[in-house]
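Chemist: Please read through the structure below; I'll follow up with questions.
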Amino acid sequence: MTTTTSYVSDVDTDGRVPDALVNEYRENGFVRIRGILGPDEVERFRTAAQAYLEAHRSESLEKRGVFSQLVNVWQRDATMRELTFHRRLGRVAEQLAGFPLRLWHDHMLVKEPHNNAATEFHQDRPYWPHANDRLSLSAWIALVDVPPERGCMTFLPKTQHLTGLRPQDLHDEDDLFSIEPSLRWLPRVTVPLRAGDCTFHSSYTCHMALPNRTDQARLAHVVIYMDEATTYSGDKHVVTDPLGLKPGDRLDGDTFPRPWA
């Protein structure tokens with residue numbers, strides 16, 4: 001398994017990042033954080049993620065072969081729960097957001113070797129049954145090196161303020177641009193990651209993931225954080241459908257705990 005041989009971290013011993021990275025996130029809607037995990041942590045969590053994937057790949061929510069998606073891994077695997085509630089991740093997330101957060105859900109996103117399919121440009125937030133919330137954000141943690149040819153992400157900077165769009169089709173390269181044609185001409189920023197690095201991006205920031213054209217699976221663990229005041233909108237979603245919620249109910253309690261519960 002290919003891993004990085006050098007380790008650089010943007011996170012200090014208190015679990016905080018420099019103000020310049022906070023400003024970069026708030027200006028552009030995304031930021032790369034190097035070394036959110038140390039090398040020993042990467043090895044441990046990668047091993048656990050691979051084992052979980054082998055045991056549960058057939059349960060993937062994505063049925064069209066673009067990637068394998070396994071949701072709420074933290075509820076079923078003790079080691080991956082430690083990653084989802086890693087204190088360093090939660091502290092950085094709240095520093096970037098600027099307000100208290102809760103977990104919305106985690107999920108493993110795996111692009112198998114020679115997948116050759118992109119995850120097309122989209123926003124995350126239109127898929128979620130959230131109301132009365134400020135900007136939510138995701139931590140996308142690389143558990144292997146993810147250069148462009150292995151399926152790293154590309155972002156459209158400064159699109160985090162674009163709200164009110166319908167959900168976009170992840171399989172249609174033109175869908176987002178058919179809704180907002182001007183987005184096609186924005187600069188695009190591709191962000192390769194070493195194992196242990198992550199990106200944080202706003203739930204409204206437009207982004208996509210490149211195909212995996214390598215011999216190695218692209219293994220990423222994603223932790224999604226929401227405003228602690230978020231309420232349920234009533235829309236359908238795989239996470240909330242079994243919970244018997246009513247529109248206006250707060251998304252809190254044991255199902256949606258604080259970032260380092």
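Quick note on naming: the chains in the structure tokens go A, B, ... in the order shown, residues restart at 1 in each chain, and ligands are numbered from 1 in order of appearance.
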Considering only C-alpha atoms, give me a table of residues in stretch 193-224 of chain A that are at most 12 Å from stretch 181-185 of chain A, with the closest atom pair and distance in Å for each, as a tab-separated table.
Modeler:
residue	atom	partner	partner_atom	distance
A:Thr205	CA	A:Leu183	CA	11.4
A:Cys206	CA	A:Leu183	CA	9.0
A:His207	CA	A:Leu183	CA	11.2
Chemist: Write out, as a short mmCIF file (atom, residue, chain, number, x, y, z; two decimals), in the first residue's frame, the residues just selected, with all heavy atoms.
Modeler:
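Done, and the output landed in again37.cif:
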data_model
loop_
_atom_site.label_atom_id
_atom_site.label_comp_id
_atom_site.auth_asym_id
_atom_site.auth_seq_id
_atom_site.Cartn_x
_atom_site.Cartn_y
_atom_site.Cartn_z
N THR A 205 -20.07 24.62 -1.29
CA THR A 205 -18.97 24.78 -2.23
C THR A 205 -19.07 23.72 -3.33
O THR A 205 -19.13 22.52 -3.05
CB THR A 205 -17.62 24.65 -1.51
OG1 THR A 205 -17.52 25.67 -0.52
CG2 THR A 205 -16.46 24.79 -2.49
N CYS A 206 -19.08 24.15 -4.57
CA CYS A 206 -19.19 23.22 -5.70
C CYS A 206 -17.87 22.46 -5.85
O CYS A 206 -16.80 23.06 -5.85
CB CYS A 206 -19.52 23.98 -6.98
SG CYS A 206 -21.04 24.94 -6.90
N HIS A 207 -17.97 21.15 -6.00
CA HIS A 207 -16.78 20.32 -6.08
C HIS A 207 -17.07 19.05 -6.86
O HIS A 207 -18.22 18.66 -7.06
CB HIS A 207 -16.26 19.98 -4.68
CG HIS A 207 -17.24 19.20 -3.85
ND1 HIS A 207 -18.35 19.77 -3.27
CD2 HIS A 207 -17.28 17.89 -3.51
CE1 HIS A 207 -19.03 18.86 -2.61
NE2 HIS A 207 -18.40 17.70 -2.74
#
Chemist: Between A:Leu170, A:Ala142, A:Val191, A:Leu103, which one has atoms that come closest to A:Thr230, using only C-alpha atoms?
Modeler: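 Between A:Leu170, A:Ala142, A:Val191, A:Leu103, the residue approaching A:Thr230 most closely is A:Leu103.
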Chemist: Using only C-alpha atoms, pick whichever of A:Ile36, A:Ala217, A:Leu109, A:Leu245 has the shortest atom-to-atom distance to A:Gly90.
Modeler: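 Ranking A:Ile36, A:Ala217, A:Leu109, A:Leu245 by distance to A:Gly90, first place goes to A:Ile36.
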Chemist: What is the atom CA of A:Asp77 to atom CA of A:Leu137 distance in Å?
Modeler: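 Interatomic distance here is 23.0 Å.
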Chemist: Taking only C-alpha atoms into account, name the residue in A:Thr240, A:Gln95, A:Gln168, A:Asn212 that is nearest to A:Val11.
Modeler: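 For A:Val11, the nearest of the given residues is A:Gln95.
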Chemist: I'd like the contact shell of A:Ser60 - 6 Å cut-off, only C-alpha atoms, skipping same-chain residues fewer than 4 positions apart - returned as number ranges by chain.
Modeler: A: 68-70
Chemist: Which neighbours of A:His201 fall inside 9 Å, counting only C-alpha atoms, when residues of the same chain fewer than 3 positions from it are skipped, and could you give them as a list of chain:residue names?
Modeler: A:Tyr25, A:Asn28, A:Gly29, A:Phe30, A:Val31, A:Arg32, A:Ser136, A:Leu137, A:Ser138, A:Ala139, A:Trp140, A:Phe155, A:Gln160, A:Tyr204, A:Thr205, A:His207
Chemist: Please write the residues from the selection above to a file, keeping N, CA, C and O atoms, as a PDB file, in the first residue's frame.
Modeler:
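The result, written out as selection_35.pdb:
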ATOM      1  N   TYR A  25     -10.206  29.302   4.210  1.00  0.00           N
ATOM      2  CA  TYR A  25     -11.455  28.544   4.155  1.00  0.00           C
ATOM      3  C   TYR A  25     -12.659  29.468   3.994  1.00  0.00           C
ATOM      4  O   TYR A  25     -13.541  29.234   3.154  1.00  0.00           O
ATOM      5  N   ASN A  28     -12.621  31.101   0.361  1.00  0.00           N
ATOM      6  CA  ASN A  28     -12.767  30.251  -0.813  1.00  0.00           C
ATOM      7  C   ASN A  28     -13.784  29.128  -0.657  1.00  0.00           C
ATOM      8  O   ASN A  28     -14.183  28.509  -1.650  1.00  0.00           O
ATOM      9  N   GLY A  29     -14.169  28.814   0.583  1.00  0.00           N
ATOM     10  CA  GLY A  29     -15.131  27.738   0.798  1.00  0.00           C
ATOM     11  C   GLY A  29     -14.507  26.371   0.943  1.00  0.00           C
ATOM     12  O   GLY A  29     -15.209  25.366   1.097  1.00  0.00           O
ATOM     13  N   PHE A  30     -13.171  26.297   0.934  1.00  0.00           N
ATOM     14  CA  PHE A  30     -12.461  25.038   1.142  1.00  0.00           C
ATOM     15  C   PHE A  30     -11.036  25.355   1.560  1.00  0.00           C
ATOM     16  O   PHE A  30     -10.529  26.462   1.332  1.00  0.00           O
ATOM     17  N   VAL A  31     -10.373  24.372   2.172  1.00  0.00           N
ATOM     18  CA  VAL A  31      -8.973  24.542   2.550  1.00  0.00           C
ATOM     19  C   VAL A  31      -8.355  23.160   2.723  1.00  0.00           C
ATOM     20  O   VAL A  31      -9.022  22.202   3.145  1.00  0.00           O
ATOM     21  N   ARG A  32      -7.075  23.038   2.371  1.00  0.00           N
ATOM     22  CA  ARG A  32      -6.321  21.819   2.654  1.00  0.00           C
ATOM     23  C   ARG A  32      -5.632  21.965   3.997  1.00  0.00           C
ATOM     24  O   ARG A  32      -4.996  22.997   4.276  1.00  0.00           O
ATOM     25  N   SER A 136     -22.835  24.251   6.984  1.00  0.00           N
ATOM     26  CA  SER A 136     -22.243  22.988   7.407  1.00  0.00           C
ATOM     27  C   SER A 136     -20.964  22.758   6.602  1.00  0.00           C
ATOM     28  O   SER A 136     -20.718  23.434   5.599  1.00  0.00           O
ATOM     29  N   LEU A 137     -20.159  21.790   7.045  1.00  0.00           N
ATOM     30  CA  LEU A 137     -18.892  21.543   6.359  1.00  0.00           C
ATOM     31  C   LEU A 137     -18.466  20.101   6.531  1.00  0.00           C
ATOM     32  O   LEU A 137     -18.896  19.418   7.470  1.00  0.00           O
ATOM     33  N   SER A 138     -17.618  19.638   5.613  1.00  0.00           N
ATOM     34  CA  SER A 138     -17.138  18.260   5.615  1.00  0.00           C
ATOM     35  C   SER A 138     -15.629  18.223   5.721  1.00  0.00           C
ATOM     36  O   SER A 138     -14.931  19.030   5.096  1.00  0.00           O
ATOM     37  N   ALA A 139     -15.136  17.243   6.478  1.00  0.00           N
ATOM     38  CA  ALA A 139     -13.714  16.905   6.497  1.00  0.00           C
ATOM     39  C   ALA A 139     -13.524  15.657   5.642  1.00  0.00           C
ATOM     40  O   ALA A 139     -14.124  14.615   5.927  1.00  0.00           O
ATOM     41  N   TRP A 140     -12.714  15.762   4.583  1.00  0.00           N
ATOM     42  CA  TRP A 140     -12.462  14.662   3.638  1.00  0.00           C
ATOM     43  C   TRP A 140     -11.031  14.212   3.890  1.00  0.00           C
ATOM     44  O   TRP A 140     -10.078  14.880   3.512  1.00  0.00           O
ATOM     45  N   PHE A 155     -12.280  21.900  -6.736  1.00  0.00           N
ATOM     46  CA  PHE A 155     -13.247  22.825  -6.161  1.00  0.00           C
ATOM     47  C   PHE A 155     -13.442  24.045  -7.062  1.00  0.00           C
ATOM     48  O   PHE A 155     -12.526  24.453  -7.790  1.00  0.00           O
ATOM     49  N   GLN A 160     -19.390  29.042  -2.063  1.00  0.00           N
ATOM     50  CA  GLN A 160     -20.061  28.630  -0.837  1.00  0.00           C
ATOM     51  C   GLN A 160     -21.267  29.495  -0.480  1.00  0.00           C
ATOM     52  O   GLN A 160     -22.051  29.132   0.410  1.00  0.00           O
ATOM     53  N   TYR A 204     -21.958  24.053   0.597  1.00  0.00           N
ATOM     54  CA  TYR A 204     -22.420  24.706  -0.625  1.00  0.00           C
ATOM     55  C   TYR A 204     -21.303  24.898  -1.655  1.00  0.00           C
ATOM     56  O   TYR A 204     -21.572  25.310  -2.786  1.00  0.00           O
ATOM     57  N   THR A 205     -20.067  24.622  -1.288  1.00  0.00           N
ATOM     58  CA  THR A 205     -18.966  24.782  -2.234  1.00  0.00           C
ATOM     59  C   THR A 205     -19.072  23.724  -3.331  1.00  0.00           C
ATOM     60  O   THR A 205     -19.135  22.523  -3.051  1.00  0.00           O
ATOM     61  N   HIS A 207     -17.974  21.145  -6.002  1.00  0.00           N
ATOM     62  CA  HIS A 207     -16.777  20.320  -6.082  1.00  0.00           C
ATOM     63  C   HIS A 207     -17.070  19.050  -6.859  1.00  0.00           C
ATOM     64  O   HIS A 207     -18.224  18.662  -7.055  1.00  0.00           O
TER      65      HIS A 207
END
Chemist: What's the 9 Å shell around A:Asp252, counting only C-alpha atoms, without same-chain residues fewer than 2 positions away, as a list in words?
Modeler: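 In the requested format, the answer is Arg102, Leu103, Glu228, Ala229, Thr230, Thr231, Asp249, Arg250, Asp254, Thr255, Phe256, Pro257 and Arg258 of chain A.
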Chemist: Determine the nearest neighbour of A:Asn116 from the options A:Trp128, A:Phe85, A:Phe67, A:Phe99, counting only C-alpha atoms.
Modeler: A:Phe67
Chemist: Name all residues at most 12 Å from A:Tyr127 (count only C-alpha atoms; drop same-chain ones fewer than 4 positions away) and give them as a PDB file with C-alpha atoms, in the first residue's frame.
Modeler:
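Listed below is the output, around.pdb:
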ATOM      1  CA  HIS A 122     -22.215  19.242  -7.208  1.00  0.00           C
ATOM      2  CA  GLN A 123     -23.012  20.821  -3.858  1.00  0.00           C
ATOM      3  CA  GLY A 164     -31.214  27.594  -3.288  1.00  0.00           C
ATOM      4  CA  LEU A 165     -30.195  25.124  -6.003  1.00  0.00           C
ATOM      5  CA  ARG A 166     -31.871  21.742  -6.432  1.00  0.00           C
ATOM      6  CA  PRO A 167     -29.797  18.576  -5.894  1.00  0.00           C
ATOM      7  CA  GLN A 168     -27.437  17.882  -8.777  1.00  0.00           C
ATOM      8  CA  ASP A 169     -26.832  14.608 -10.624  1.00  0.00           C
ATOM      9  CA  LEU A 170     -23.408  13.241  -9.649  1.00  0.00           C
ATOM     10  CA  SER A 203     -21.592  22.126   2.068  1.00  0.00           C
ATOM     11  CA  TYR A 204     -22.420  24.706  -0.625  1.00  0.00           C
ATOM     12  CA  SER A 233     -36.829  19.916   7.291  1.00  0.00           C
ATOM     13  CA  ASP A 235     -37.319  15.866   3.422  1.00  0.00           C
ATOM     14  CA  LYS A 236     -36.330  12.246   2.914  1.00  0.00           C
ATOM     15  CA  HIS A 237     -32.775  11.084   3.643  1.00  0.00           C
ATOM     16  CA  VAL A 238     -31.276   7.698   4.453  1.00  0.00           C
ATOM     17  CA  VAL A 239     -29.960   8.951   7.822  1.00  0.00           C
TER      18      VAL A 239
END
